[in-house]
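For reference, the structure is listed below as structure tokens.
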Amino acid sequence: MEEPHSMNSPRTILSFSKRGRTTTASVSFVDPNDEKSNSGEHGPKPSEVYGFVGSITTVVATAIYLAWAYIPEPWLHSIGIFYYPSRYWALAVPTYAMVIIVLAVTFYIGLNFMSTPPPTSLTTMFDEFSREPSSFLSHMEGDEQPIEPISDLGIDKINVLMFGDAK
């Protein structure tokens with residue numbers, strides 16, 4: 001029984017179905033209103049495929065690296081492997097990579113310290129977006145008082161609130 005909206009191809013292909021007979025290839029067109037086509041099974045996502053291939057590649061590369069680093073040279077020669085990099089690079093490349101990572105993190109932290117103003121600078125407390133509290137006096141009483149406009153708290157008020165009167 002053929003699916004709706006399908007075309008038969010003039011080529012025949014070998015079918016590996018239970019019947020074991022040759023069938024004609026068909027091209028089917030997806031009907032958006034068909035309930036079977038909206039089941040959500042449209043194959044793997046590209047990110048899943050890339051992740052799978054990446055994980056397999058990582059495992060294979062690690063196995064080759066460990067085999068190259070730890071298998072003695074006579075064993076490699078006995079299986080026909082004569083050209084490979086020096087064993088020096090088995091330790092040098094990971095060491096260089098770790099040093100580069102540590103230096104990059106140190107450089108990044110240093111740049112952040114250089115671009116940050118010192119704690120005694122007034123720019124740590126005031127900038128072009130600072131708002132002084134306005135003298136907003138309301139003549140309304142009780143619950144009908146409006147919310148005060150947004151403003152920055154002064155460092156002296158914060159110190160009083162946090163540390164109290166230290167005099």
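Ordering of the structure tokens sets the chain letters (A, B, ...), residue numbers begin anew at 1 in every chain, and ligands are numbered from 1 in the order given.
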Considering only C-alpha atoms, return as a list in words whatever protein or nucleic-acid residues lie within 12 Å of region 91-104 of chain A, sequence-local ones (same chain, fewer than 4 positions apart) excluded.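 Near neighbours after the sequence-gap exclusion: Tyr65, Leu66, Trp68, Ala69, Tyr70, Pro85, Ser86, Arg87, Tyr108, Ile109, Gly110 and Leu111 of chain A.
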Which residues come within 10 Å of region 113-129 of chain A, counting only C-alpha atoms, excluding same-chain residues fewer than 5 positions away, as an MDAnalysis selection string? chainID A and resid 107:108 151:155
